[in-house]
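Working notes, beginning with the structure itself.
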Amino acid sequence: FSLYLATTFIHFNLGDISSMYFALGWPQIFTSGSKLETRSLIFDKLGRYLASVTKSQIFIWSSGQHRVLLGFHEKNSNLLESEGENREVIFDSNSNQIALITSKGFLQFFTIVQGNEDLSDFQFSNEFHFIHLSPKKTVRIEWKSSFDGGITCMSLMNEKELLVGTKEGTLLRMNWSGEIKEQIDLRVIHFAFISSEASSNTKNSPGGTNGSEIKTRLTRANSMTSLPTPNIPHLPSPAVFLQYSNELNLMGIVMENGTAGVLQFSGRSLSNVRGYSFGIGGARCLSLNPKHHLAAIGCNNGEIYIYQLVGIKYTRTISLSPWGINEEYTGEVSCLEWTPDYCCLAVGWSKRGLSLWSLYGCRLLCTIPQLEGTRTLRLTNSYTNFSSTFSNKEPMRQGVNSLSWGPEGYHLAVGGVGQGDLMQFSFVKSITTSNTLNGCERILMMGDDRLLLLSYKGKELDDIKWRHLQFPTTYVTDNWPMKKIEMNREGNLIVVAGRRGFTLYNDITKRWKIFGDSNQEQNIECVCLTWFKHVVIVASRIDPQLARKSKNQYELLFYPKTHLDASSLLLRFPLPSNRTPLFMDCNDQYLILFTSHSFFYEYNIISQIDESTGAIKSIQLELLNQISMASSVVSSPLSFTLLPSSSNKSISGAHGLILQSSGTLVLSNLESNSQVVLSPSVEQFWISDSSHPQSKSSDLSLSNTLWAYGALGLQIWFPFDPRQVELLNVQSTKIMNRDTSLEFDLEVYPMGFLPELGIIVGVTQFVDYSFATDYPSFDLKIKIHPFLHSILRHLISKRDDEKATEIANSFSTIPHFSHSLELLLHETLDEEKVDNVKLTTTEELKRVVSFLNKFPHFAEVVARCARKTDPAIWRQLFSVVGSPKILFEQCITDQNLIMAASYLRILQFIEGHRESRLCGLKLLEESLNVDDLDLASDLMRFLQPSEDLWAEGRTPEEEKSQVSEIGITPDDQEYYLQELLLARYARKLLFQQQLKKLLHFSKRVGHDLRTWLSREKRRAANLEIQDTALAIVHVQFNLPYPETMEPPQSEKIALPPTSPWLYNNDATYNEPPVESLNFLLKEMLASGCQEWALILATTLMNIPQIISILKESIHLWKPYQKLLQAQACGGYRGLNQFLQENLQLSESPLLS
């Protein structure tokens, strides 16, 4: 057989690959009624119960979506005195028993007996009141037995046994009845040592890991033979902390003297145990990560050291020190625990604070705010509105005693120091769907009751936001927690699967669809999900009773999106026996299934269409190929992406991208079984898919780009050609490794990229404090980073200007395109600088400038970049990019006046003060032509004589020549040109009767209004008394027409948003209109503008002034009288009657 490959990428991943967790909403407080401090708490493995203990009490809570207190037990005083107070608690594997360690070294066993009372069975007087909750049965906690053995710590080993440590240094294996099955003295165990100093060098760091080291396993005897002498001696000491990993058959151990290590078992027996010490001191607790083969050790200095269990190598340190927070504030690490999918680490400190970290050290959550006086140079932002007034609202301010993750990691329960109540944080986690993350709608977050989709409309970056989709309550109640999710290739259909069954969401109709028959829903246990067009494909576990008859354990179910019922099932297809589906994907033609033992199955999907409805009426599967890749695909890969071969016909020459559990990203040749390591310590990766239905022109130009994020930051390979990577050095197509322009803040985690916008989307935790709540709320803050400039620079350095131009043109419509070009020039300049004062002109800089010159944004890009650099390199920069005066003229031609203004300081520095002043006058004329008064105001400040002539970097001779230019007097031609420009614009405003704008203009440019009015009183300021003049004043100043003869009140009247006279938020525009009118009246009278003064006095109902003007200018009375008679308002009609009765004028003028 041959494996037929379509022209698209087939991307598989496990449902829990690199899930990042972010708190959402307010912390919940669960009160048990006890005032005693919670010392220990833990969720059981089956998701049924949460146990918490105080020094004398035991509480059992429900462990589902909602927390309900089911049972309670309090020890009597005699038992407390004889056996001690409660210290630590664990469940057995069946959640039927709990074991307690007391302060006096007793191991106590209690049985959990379920009662008959349902706490969720509410009774309401009205029938329409109904709450559908899953049953919450009460429980009884019954004492079973005690074991006095000086117990110090314990850990669950298997279904029937647990491991305990004693104060004598003995390790015991016992059952849940307290019977000792086996014991061993820790002093007889040989510990191989590893020095933390030696293991922290570059050879053992993640960046130095090679392929052979990645494949090394702890079980290989020679992996520990070359370890150096430890820097911390491993002395025999009792164990104080134990954690057993059934997946690795390893047990983490912390000794009383502060040393830590792991014990490797041979089977389940303690007879042949080997020990490996991490070689560090001050350890207090640890947590094993079997998925990524890691161990996290919490120490008394408040830091967490991460060790790789493959060869026992130190990899990194997790610390709050980059934020200026040390052990003085936090104390020692009191507890830590990986999330259920082992992707994130929760850490609690004894004195203060709780935090959450990604696999490679991104801080996802921290309850400790940025402390005053502890800001560092690198991290100056803390995403919170915290202030000292909110100190008492900080969660876990007194420290953390214990913490535990709930089912699927949606909840984190925390017991705080000095607190009897439990605090629970709710989380949403990122979900990677099977298809590549190249669309905004494919960046998903899933919570315990909702789905968050990142969406946007158009290309405005401000429109990117989260959409909250609530899961159907009926489905969530019966099938919580949610486990699987998948979206179709068009991005408008989503399937979500919980404990049983599944539900569909249609983004077009905005509705959810669930099974009508709950029995059918409960018969489906989803393992994998994918879409075939509008048909959902479910890999389901077959009921054990039916599986015995058919010998098949799993089957594929094909359901249409329109109807979820057994009657609409399109196909039920049994999968091969003894094969567990791990992940699958479909490209609307072929179905690829990856199973246990590294088997690939490829099926051709044959569908029949109903001609009348266009819907699929039946489906058949045809097996095309079955391939075992056990030799080329490591066991339990985190992700696998199948890349098409050049022929697109068979598996010959095909490649695959494999993300191994160790975090190593590998390119594998599926024909030769050869592998090339691309990068170590990778958390997640993306590869663009140009065949996606939502792909745009910008997507196509980046259709062969590989992105990876992990300990080395964000890395990009472009163009990514598997054949080139194999033949050449892997770094030949690598653009960046910790590129400073794309380096994310240590609190921002990249979630995916949006090629159509040219950005990478990151998410950070925002903590919002409020006076109205006892604790802050947690939210998700979106952070974006452009990436176009890095790709362009890479292509230009490879002298592929044609491809760079093609890509740039495809992105030319995005809003931040010019900013990306600016970043391209800015980064090139940063590398060309010598001691920040000298620029070395290289061929690369010239090529970048030549490339930028192809775009109309060139002058703008140069101006923005230059103003952000040291003026000392301006001369050298513009010797390459061209004359700043020519670029200034280009900006004016393009009517980009703001950018033209940016060149004035540059011209002042390079060309001299007089040349920059002439250019400033030219720009002032242009700004007045387009009524840009804000720019005109800025230019007037620039044109004022100043002693600061940017002499920095100039020679003494140049400074002397400049001094001769400073002598600017009112007789200068430049000064008169400036006054002429201002006067012309003032005349224009007077001709247009824009009094408010004239007043605003005079104050913005700092010019005396009276001078202009005096010059124009016989020209532009000469006004005929007419109705329009009075109306213009009322409209411009938003002044209502008077109904009485009372003067208007001197109060601030807000202008309507749509007013054509509202240009900005300047104080002149927002000051009370009566004050503005009084000021204008005063200026008009002083300038002799009687006509305008009469109009202004009328609007102000200043009757004495009206009479005075009319007596001085008798010829104005008749047109003025006609003006008042034409008004409809009562105030002006009354004014007209008052003047006729009281105005004493000679007859001749009145009759004329």
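Convention: chains lettered A, B, ... in structure tokens order; per-chain residue numbering from 1; ligands numbered from 1 as shown.
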DSSP strand (DSSP E or B) selection over stretch 734-931 of chain A, as a PDB file with N, CA, C and O atoms, in the first residue's frame:
```
ATOM      1  N   LYS A 734      16.450  29.468  10.048  1.00  0.00           N
ATOM      2  CA  LYS A 734      15.946  29.959  11.319  1.00  0.00           C
ATOM      3  C   LYS A 734      16.133  31.472  11.396  1.00  0.00           C
ATOM      4  O   LYS A 734      17.235  31.977  11.232  1.00  0.00           O
ATOM      5  N   ILE A 735      15.060  32.175  11.637  1.00  0.00           N
ATOM      6  CA  ILE A 735      15.119  33.631  11.644  1.00  0.00           C
ATOM      7  C   ILE A 735      15.646  34.154  12.963  1.00  0.00           C
ATOM      8  O   ILE A 735      16.485  35.017  13.023  1.00  0.00           O
ATOM      9  N   MET A 736      15.123  33.618  14.047  1.00  0.00           N
ATOM     10  CA  MET A 736      15.475  34.222  15.314  1.00  0.00           C
ATOM     11  C   MET A 736      15.523  33.201  16.423  1.00  0.00           C
ATOM     12  O   MET A 736      14.916  32.150  16.347  1.00  0.00           O
ATOM     13  N   ASN A 737      16.305  33.551  17.406  1.00  0.00           N
ATOM     14  CA  ASN A 737      16.341  32.800  18.648  1.00  0.00           C
ATOM     15  C   ASN A 737      16.417  33.843  19.748  1.00  0.00           C
ATOM     16  O   ASN A 737      17.436  34.467  19.959  1.00  0.00           O
ATOM     17  N   VAL A 748       3.536  37.232  29.772  1.00  0.00           N
ATOM     18  CA  VAL A 748       2.696  37.109  28.580  1.00  0.00           C
ATOM     19  C   VAL A 748       3.024  35.797  27.885  1.00  0.00           C
ATOM     20  O   VAL A 748       4.195  35.515  27.610  1.00  0.00           O
ATOM     21  N   TYR A 749       1.983  35.019  27.604  1.00  0.00           N
ATOM     22  CA  TYR A 749       2.193  33.729  26.940  1.00  0.00           C
ATOM     23  C   TYR A 749       1.599  33.774  25.536  1.00  0.00           C
ATOM     24  O   TYR A 749       0.423  34.097  25.359  1.00  0.00           O
ATOM     25  N   PRO A 750       2.381  33.474  24.494  1.00  0.00           N
ATOM     26  CA  PRO A 750       1.844  33.492  23.120  1.00  0.00           C
ATOM     27  C   PRO A 750       0.893  32.327  22.893  1.00  0.00           C
ATOM     28  O   PRO A 750       1.205  31.181  23.206  1.00  0.00           O
ATOM     29  N   MET A 751      -0.274  32.627  22.331  1.00  0.00           N
ATOM     30  CA  MET A 751      -1.305  31.617  22.112  1.00  0.00           C
ATOM     31  C   MET A 751      -1.403  31.182  20.656  1.00  0.00           C
ATOM     32  O   MET A 751      -1.956  30.123  20.363  1.00  0.00           O
ATOM     33  N   GLY A 752      -0.916  31.979  19.737  1.00  0.00           N
ATOM     34  CA  GLY A 752      -1.016  31.642  18.323  1.00  0.00           C
ATOM     35  C   GLY A 752      -0.728  32.882  17.499  1.00  0.00           C
ATOM     36  O   GLY A 752      -0.443  33.955  18.035  1.00  0.00           O
ATOM     37  N   PHE A 753      -0.803  32.748  16.177  1.00  0.00           N
ATOM     38  CA  PHE A 753      -0.521  33.886  15.322  1.00  0.00           C
ATOM     39  C   PHE A 753      -1.665  34.066  14.337  1.00  0.00           C
ATOM     40  O   PHE A 753      -2.365  33.120  13.976  1.00  0.00           O
ATOM     41  N   LEU A 754      -1.857  35.314  13.908  1.00  0.00           N
ATOM     42  CA  LEU A 754      -2.885  35.671  12.945  1.00  0.00           C
ATOM     43  C   LEU A 754      -2.201  36.203  11.696  1.00  0.00           C
ATOM     44  O   LEU A 754      -1.845  37.375  11.625  1.00  0.00           O
ATOM     45  N   ILE A 759       0.307  39.470  13.148  1.00  0.00           N
ATOM     46  CA  ILE A 759       0.586  39.617  14.571  1.00  0.00           C
ATOM     47  C   ILE A 759       0.617  38.261  15.259  1.00  0.00           C
ATOM     48  O   ILE A 759       0.055  37.275  14.770  1.00  0.00           O
ATOM     49  N   ILE A 760       1.299  38.228  16.378  1.00  0.00           N
ATOM     50  CA  ILE A 760       1.271  37.098  17.292  1.00  0.00           C
ATOM     51  C   ILE A 760       0.409  37.514  18.483  1.00  0.00           C
ATOM     52  O   ILE A 760       0.562  38.617  19.009  1.00  0.00           O
ATOM     53  N   VAL A 761      -0.484  36.644  18.887  1.00  0.00           N
ATOM     54  CA  VAL A 761      -1.418  36.950  19.969  1.00  0.00           C
ATOM     55  C   VAL A 761      -0.913  36.314  21.258  1.00  0.00           C
ATOM     56  O   VAL A 761      -0.650  35.110  21.304  1.00  0.00           O
ATOM     57  N   GLY A 762      -0.753  37.124  22.276  1.00  0.00           N
ATOM     58  CA  GLY A 762      -0.366  36.638  23.591  1.00  0.00           C
ATOM     59  C   GLY A 762      -1.449  36.961  24.607  1.00  0.00           C
ATOM     60  O   GLY A 762      -2.287  37.839  24.388  1.00  0.00           O
ATOM     61  N   VAL A 763      -1.435  36.238  25.703  1.00  0.00           N
ATOM     62  CA  VAL A 763      -2.418  36.441  26.770  1.00  0.00           C
ATOM     63  C   VAL A 763      -1.669  36.593  28.084  1.00  0.00           C
ATOM     64  O   VAL A 763      -0.694  35.880  28.346  1.00  0.00           O
ATOM     65  N   THR A 764      -2.121  37.506  28.910  1.00  0.00           N
ATOM     66  CA  THR A 764      -1.563  37.673  30.238  1.00  0.00           C
ATOM     67  C   THR A 764      -2.698  37.795  31.242  1.00  0.00           C
ATOM     68  O   THR A 764      -3.835  38.109  30.878  1.00  0.00           O
ATOM     69  N   GLN A 765      -2.368  37.522  32.489  1.00  0.00           N
ATOM     70  CA  GLN A 765      -3.368  37.578  33.554  1.00  0.00           C
ATOM     71  C   GLN A 765      -3.481  39.000  34.078  1.00  0.00           C
ATOM     72  O   GLN A 765      -2.479  39.625  34.412  1.00  0.00           O
ATOM     73  N   PHE A 766      -4.706  39.505  34.130  1.00  0.00           N
ATOM     74  CA  PHE A 766      -4.935  40.834  34.703  1.00  0.00           C
ATOM     75  C   PHE A 766      -5.683  40.667  36.015  1.00  0.00           C
ATOM     76  O   PHE A 766      -6.682  39.952  36.096  1.00  0.00           O
ATOM     77  N   VAL A 767      -5.193  41.322  37.062  1.00  0.00           N
ATOM     78  CA  VAL A 767      -5.795  41.248  38.391  1.00  0.00           C
ATOM     79  C   VAL A 767      -6.432  42.602  38.698  1.00  0.00           C
ATOM     80  O   VAL A 767      -5.753  43.619  38.758  1.00  0.00           O
ATOM     81  N   ASP A 768      -7.757  42.591  38.876  1.00  0.00           N
ATOM     82  CA  ASP A 768      -8.526  43.823  39.026  1.00  0.00           C
ATOM     83  C   ASP A 768      -9.039  43.938  40.456  1.00  0.00           C
ATOM     84  O   ASP A 768      -9.895  43.158  40.891  1.00  0.00           O
ATOM     85  N   SER A 777     -10.789  40.370  41.111  1.00  0.00           N
ATOM     86  CA  SER A 777     -11.233  39.484  40.036  1.00  0.00           C
ATOM     87  C   SER A 777     -10.081  39.292  39.054  1.00  0.00           C
ATOM     88  O   SER A 777      -9.197  40.146  38.928  1.00  0.00           O
ATOM     89  N   PHE A 778     -10.111  38.173  38.356  1.00  0.00           N
ATOM     90  CA  PHE A 778      -9.056  37.830  37.411  1.00  0.00           C
ATOM     91  C   PHE A 778      -9.640  37.820  36.004  1.00  0.00           C
ATOM     92  O   PHE A 778     -10.739  37.304  35.776  1.00  0.00           O
ATOM     93  N   ASP A 779      -8.894  38.383  35.077  1.00  0.00           N
ATOM     94  CA  ASP A 779      -9.358  38.474  33.694  1.00  0.00           C
ATOM     95  C   ASP A 779      -8.195  38.202  32.751  1.00  0.00           C
ATOM     96  O   ASP A 779      -7.026  38.160  33.169  1.00  0.00           O
ATOM     97  N   LEU A 780      -8.512  38.033  31.463  1.00  0.00           N
ATOM     98  CA  LEU A 780      -7.499  37.763  30.446  1.00  0.00           C
ATOM     99  C   LEU A 780      -7.253  39.034  29.648  1.00  0.00           C
ATOM    100  O   LEU A 780      -8.201  39.647  29.135  1.00  0.00           O
ATOM    101  N   LYS A 781      -6.004  39.423  29.549  1.00  0.00           N
ATOM    102  CA  LYS A 781      -5.632  40.614  28.799  1.00  0.00           C
ATOM    103  C   LYS A 781      -4.885  40.183  27.543  1.00  0.00           C
ATOM    104  O   LYS A 781      -3.925  39.412  27.612  1.00  0.00           O
ATOM    105  N   ILE A 782      -5.333  40.662  26.400  1.00  0.00           N
ATOM    106  CA  ILE A 782      -4.729  40.294  25.117  1.00  0.00           C
ATOM    107  C   ILE A 782      -3.551  41.217  24.811  1.00  0.00           C
ATOM    108  O   ILE A 782      -3.662  42.444  24.908  1.00  0.00           O
ATOM    109  N   LYS A 783      -2.431  40.643  24.467  1.00  0.00           N
ATOM    110  CA  LYS A 783      -1.244  41.390  24.054  1.00  0.00           C
ATOM    111  C   LYS A 783      -0.847  40.920  22.653  1.00  0.00           C
ATOM    112  O   LYS A 783      -0.826  39.723  22.375  1.00  0.00           O
ATOM    113  N   ILE A 784      -0.545  41.865  21.781  1.00  0.00           N
ATOM    114  CA  ILE A 784      -0.206  41.521  20.402  1.00  0.00           C
ATOM    115  C   ILE A 784       1.198  42.012  20.065  1.00  0.00           C
ATOM    116  O   ILE A 784       1.661  43.030  20.591  1.00  0.00           O
ATOM    117  N   HIS A 785       1.860  41.262  19.187  1.00  0.00           N
ATOM    118  CA  HIS A 785       3.200  41.604  18.721  1.00  0.00           C
ATOM    119  C   HIS A 785       3.255  41.413  17.208  1.00  0.00           C
ATOM    120  O   HIS A 785       2.876  40.351  16.713  1.00  0.00           O
ATOM    121  N   PRO A 786       3.715  42.413  16.459  1.00  0.00           N
ATOM    122  CA  PRO A 786       3.896  42.211  15.010  1.00  0.00           C
ATOM    123  C   PRO A 786       5.107  41.332  14.737  1.00  0.00           C
ATOM    124  O   PRO A 786       6.078  41.332  15.485  1.00  0.00           O
ATOM    125  N   LYS A 833      24.950  50.083  15.423  1.00  0.00           N
ATOM    126  CA  LYS A 833      25.498  51.076  16.348  1.00  0.00           C
ATOM    127  C   LYS A 833      26.789  50.589  16.979  1.00  0.00           C
ATOM    128  O   LYS A 833      26.963  49.408  17.258  1.00  0.00           O
ATOM    129  N   VAL A 834      27.674  51.543  17.246  1.00  0.00           N
ATOM    130  CA  VAL A 834      28.896  51.287  17.995  1.00  0.00           C
ATOM    131  C   VAL A 834      28.900  52.246  19.181  1.00  0.00           C
ATOM    132  O   VAL A 834      29.002  53.461  19.005  1.00  0.00           O
ATOM    133  N   LYS A 838      27.898  56.013  17.299  1.00  0.00           N
ATOM    134  CA  LYS A 838      28.446  55.938  15.959  1.00  0.00           C
ATOM    135  C   LYS A 838      27.717  54.844  15.196  1.00  0.00           C
ATOM    136  O   LYS A 838      27.377  53.807  15.746  1.00  0.00           O
ATOM    137  N   LEU A 839      27.501  55.109  13.914  1.00  0.00           N
ATOM    138  CA  LEU A 839      26.773  54.168  13.069  1.00  0.00           C
ATOM    139  C   LEU A 839      27.710  53.651  11.990  1.00  0.00           C
ATOM    140  O   LEU A 839      28.319  54.436  11.260  1.00  0.00           O
TER     141      LEU A 839
END
```
Task: Long-range neighbours of A:Gly258 as a VMD selection string, 7 Å cut-off, only C-alpha atoms, 3 positions minimum in chain - done: chain A and resid 254 to 255 281 to 284
Open item on the list: Please identify the helix (DSSP H, G or I) residues within stretch 493-522 of chain A (assignment by DSSP from backbone atoms) and present them as a PyMOL selection string.
Closed with: chain A and resi 518-522
TODO: Find the spatial neighbours of stretch 553-570 of chain A, counting only C-alpha atoms, within a cut-off of 8 Å - ignore same-chain residues fewer than 6 positions away - and output them as JSON, numbers by chain.
DONE: {"A": [504, 513, 514, 515, 516, 517, 520, 534, 535, 536, 537, 538, 539, 540, 541, 542, 543, 544, 547, 576, 577, 578, 580, 581, 616, 617, 618, 619]}
Can you write just those residues out, N, CA and C atoms, as a short mmCIF file (atom, residue, chain, number, x, y, z; two decimals), in the first residue's frame?
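Result written to part_35.cif:
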```
data_model
loop_
_atom_site.label_atom_id
_atom_site.label_comp_id
_atom_site.auth_asym_id
_atom_site.auth_seq_id
_atom_site.Cartn_x
_atom_site.Cartn_y
_atom_site.Cartn_z
N LEU A 504 -22.89 20.01 20.19
CA LEU A 504 -22.44 20.76 19.01
C LEU A 504 -22.87 22.22 19.12
N LYS A 513 -26.59 22.17 20.24
CA LYS A 513 -27.42 21.00 19.94
C LYS A 513 -26.94 19.84 20.80
N ILE A 514 -27.87 19.15 21.47
CA ILE A 514 -27.54 18.02 22.32
C ILE A 514 -28.41 16.83 21.94
N PHE A 515 -28.09 15.65 22.48
CA PHE A 515 -28.88 14.45 22.23
C PHE A 515 -30.25 14.59 22.90
N GLY A 516 -31.28 14.17 22.17
CA GLY A 516 -32.60 14.15 22.76
C GLY A 516 -32.78 12.99 23.72
N ASP A 517 -32.09 11.88 23.45
CA ASP A 517 -32.16 10.69 24.30
C ASP A 517 -30.89 10.64 25.15
N GLN A 520 -28.68 7.40 24.90
CA GLN A 520 -27.75 7.35 23.77
C GLN A 520 -26.49 8.18 24.08
N HIS A 534 -19.39 18.71 7.36
CA HIS A 534 -20.36 19.04 8.40
C HIS A 534 -20.76 17.81 9.19
N VAL A 535 -19.90 16.82 9.22
CA VAL A 535 -20.14 15.59 9.95
C VAL A 535 -19.08 15.46 11.04
N VAL A 536 -19.51 15.21 12.28
CA VAL A 536 -18.57 15.05 13.37
C VAL A 536 -18.20 13.57 13.49
N ILE A 537 -16.90 13.30 13.64
CA ILE A 537 -16.39 11.94 13.77
C ILE A 537 -15.93 11.77 15.21
N VAL A 538 -16.46 10.74 15.88
CA VAL A 538 -16.16 10.49 17.28
C VAL A 538 -15.52 9.12 17.40
N ALA A 539 -14.34 9.05 17.99
CA ALA A 539 -13.75 7.77 18.37
C ALA A 539 -14.20 7.47 19.79
N SER A 540 -15.04 6.44 19.95
CA SER A 540 -15.69 6.16 21.22
C SER A 540 -15.27 4.79 21.74
N ARG A 541 -15.20 4.70 23.06
CA ARG A 541 -14.92 3.42 23.70
C ARG A 541 -16.22 2.59 23.74
N ILE A 542 -16.13 1.34 23.31
CA ILE A 542 -17.29 0.45 23.29
C ILE A 542 -17.56 -0.05 24.70
N ASP A 543 -18.82 -0.22 25.03
CA ASP A 543 -19.21 -0.74 26.33
C ASP A 543 -18.47 -2.05 26.61
N PRO A 544 -17.88 -2.23 27.80
CA PRO A 544 -17.08 -3.43 28.09
C PRO A 544 -17.81 -4.74 27.82
N ALA A 547 -17.84 -5.20 24.16
CA ALA A 547 -16.47 -5.38 23.66
C ALA A 547 -16.02 -6.82 23.80
N PRO A 576 -9.53 -1.47 14.78
CA PRO A 576 -8.78 -2.72 15.04
C PRO A 576 -8.64 -2.98 16.54
N SER A 577 -8.69 -4.25 16.90
CA SER A 577 -8.57 -4.62 18.30
C SER A 577 -7.17 -4.33 18.81
N ASN A 578 -7.06 -4.16 20.12
CA ASN A 578 -5.78 -3.91 20.79
C ASN A 578 -5.10 -2.63 20.31
N THR A 580 -5.51 1.50 20.79
CA THR A 580 -6.17 2.61 21.46
C THR A 580 -5.99 3.88 20.65
N PRO A 581 -7.06 4.53 20.19
CA PRO A 581 -6.90 5.78 19.43
C PRO A 581 -6.27 6.86 20.31
N ILE A 616 -25.22 14.99 3.33
CA ILE A 616 -24.61 13.66 3.22
C ILE A 616 -25.59 12.65 3.80
N LYS A 617 -25.92 11.63 3.01
CA LYS A 617 -26.89 10.64 3.47
C LYS A 617 -26.24 9.32 3.88
N SER A 618 -25.00 9.04 3.46
CA SER A 618 -24.30 7.83 3.89
C SER A 618 -22.81 8.01 3.71
N ILE A 619 -22.03 7.25 4.48
CA ILE A 619 -20.57 7.33 4.46
C ILE A 619 -19.99 5.93 4.51
#
```
TODO: Do a neighbour search on stretch 46-48 of chain A at 7 Å with only C-alpha atoms, toss out local chain neighbours closer than 5 positions, and write the hits as a VMD selection string.
DONE: chain A and resid 62 to 64 407
Take the selection from the previous step and output its residues with C-alpha atoms, as a CSV table (one decimal), in the first residue's frame.
```
chain,number,residue,atom,x,y,z
A,62,SER,CA,-18.1,17.3,46.6
A,63,SER,CA,-15.5,17.4,43.9
A,64,GLY,CA,-17.7,18.2,40.8
A,407,PRO,CA,-10.7,17.4,37.8
```
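You can rank A:Asp92, A:Glu142, A:Glu743, A:Glu802 by their closest distance to A:Gln715 using only C-alpha atoms, and at the top of that list sits A:Glu743.
The space separating atom CA of A:Phe502 from atom CA of A:Thr530 comes to 12.2 Å.
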TODO: Give me, please, the distance in Å between atom CA of A:Ser103 and atom CA of A:Asn86, quoted to one decimal.
DONE: 6.4 Å
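Residue nearest A:Trp405, chosen from A:Thr339, A:Gln370, A:Ser350, A:Gln1090 and counting only C-alpha atoms: A:Thr339.
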Open item on the list: Which residues are near stretch 296-306 of chain A? Cut-off 10 Å, only C-alpha atoms, ignore same chain within fewer than 5 positions. Put them as a VMD selection string.
Closed with: chain A and resid 196 252 to 254 258 to 261 278 280 to 289 313 to 321 325 to 338 345 347 to 351 359 to 361
Atoms to include: C-alpha atoms. Write the selected residues as a short mmCIF file (atom, residue, chain, number, x, y, z; two decimals), in the first residue's frame.
```cif
data_model
loop_
_atom_site.label_atom_id
_atom_site.label_comp_id
_atom_site.auth_asym_id
_atom_site.auth_seq_id
_atom_site.Cartn_x
_atom_site.Cartn_y
_atom_site.Cartn_z
CA SER A 196 23.73 21.31 40.78
CA GLY A 252 10.38 11.62 44.77
CA ILE A 253 11.79 12.04 48.24
CA VAL A 254 12.79 15.01 50.41
CA GLY A 258 17.01 19.36 53.04
CA THR A 259 18.43 17.02 50.39
CA ALA A 260 16.14 15.69 47.65
CA GLY A 261 16.22 12.91 45.09
CA PHE A 278 19.70 16.12 42.96
CA ILE A 280 20.87 20.54 46.34
CA GLY A 281 20.15 21.66 49.89
CA GLY A 282 17.22 23.38 51.53
CA ALA A 283 14.55 21.28 49.76
CA ARG A 284 11.11 21.32 51.36
CA CYS A 285 8.78 19.61 48.85
CA LEU A 286 8.71 18.33 45.29
CA SER A 287 6.34 17.35 42.49
CA LEU A 288 7.01 14.82 39.71
CA ASN A 289 5.93 15.38 36.11
CA LYS A 313 20.01 17.14 34.74
CA TYR A 314 19.28 20.56 36.15
CA THR A 315 17.39 22.63 33.58
CA ARG A 316 16.14 25.89 35.06
CA THR A 317 15.02 27.85 38.11
CA ILE A 318 11.58 29.31 38.71
CA SER A 319 11.79 32.43 40.83
CA LEU A 320 10.05 35.72 41.57
CA SER A 321 13.38 37.54 41.73
CA ILE A 325 10.34 39.56 45.18
CA ASN A 326 12.57 37.32 47.32
CA GLU A 327 12.27 34.96 50.27
CA GLU A 328 12.01 37.88 52.67
CA TYR A 329 8.50 38.46 51.31
CA THR A 330 7.44 34.91 50.44
CA GLY A 331 9.21 32.62 52.87
CA GLU A 332 9.98 29.04 51.83
CA VAL A 333 8.03 27.03 49.28
CA SER A 334 5.33 25.28 51.30
CA CYS A 335 3.61 23.30 48.52
CA LEU A 336 3.64 22.82 44.76
CA GLU A 337 1.68 20.68 42.33
CA TRP A 338 1.53 20.18 38.56
CA LEU A 345 3.02 24.27 38.03
CA VAL A 347 3.38 27.09 43.81
CA GLY A 348 2.45 28.27 47.30
CA TRP A 349 4.77 30.01 49.79
CA SER A 350 4.68 29.83 53.56
CA LYS A 351 4.59 33.58 54.25
CA LEU A 359 6.51 24.49 31.76
CA TYR A 360 9.45 26.74 30.85
CA GLY A 361 8.99 29.60 33.30
#
```
- [ ] Would you mind listing what lies within 9 Å of A:Trp707 as a VMD selection string, with only C-alpha atoms counted and same-chain residues fewer than 4 positions away left out?
- [x] chain A and resid 684 to 688 714 to 718 753
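Distances to A:Gly279 were evaluated for A:Ile524, A:Met251, A:Ala99, A:Ile312 using only C-alpha atoms, and the minimum falls at A:Ile312.
Closest to A:Cys343 among A:Asp870, A:Glu622, A:Glu408, A:Asp449 is A:Glu408, based on only C-alpha atoms.
Among the candidates A:Asn929, A:Phe888, A:Tyr603, A:Pro871, the residue lying nearest to A:Phe909 is A:Pro871 (atoms considered: only C-alpha atoms).
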TODO: Quote the spacing between atom CA of A:Glu81 and atom CA of A:Ser56 in Å to one decimal place.
DONE: 10.5 Å
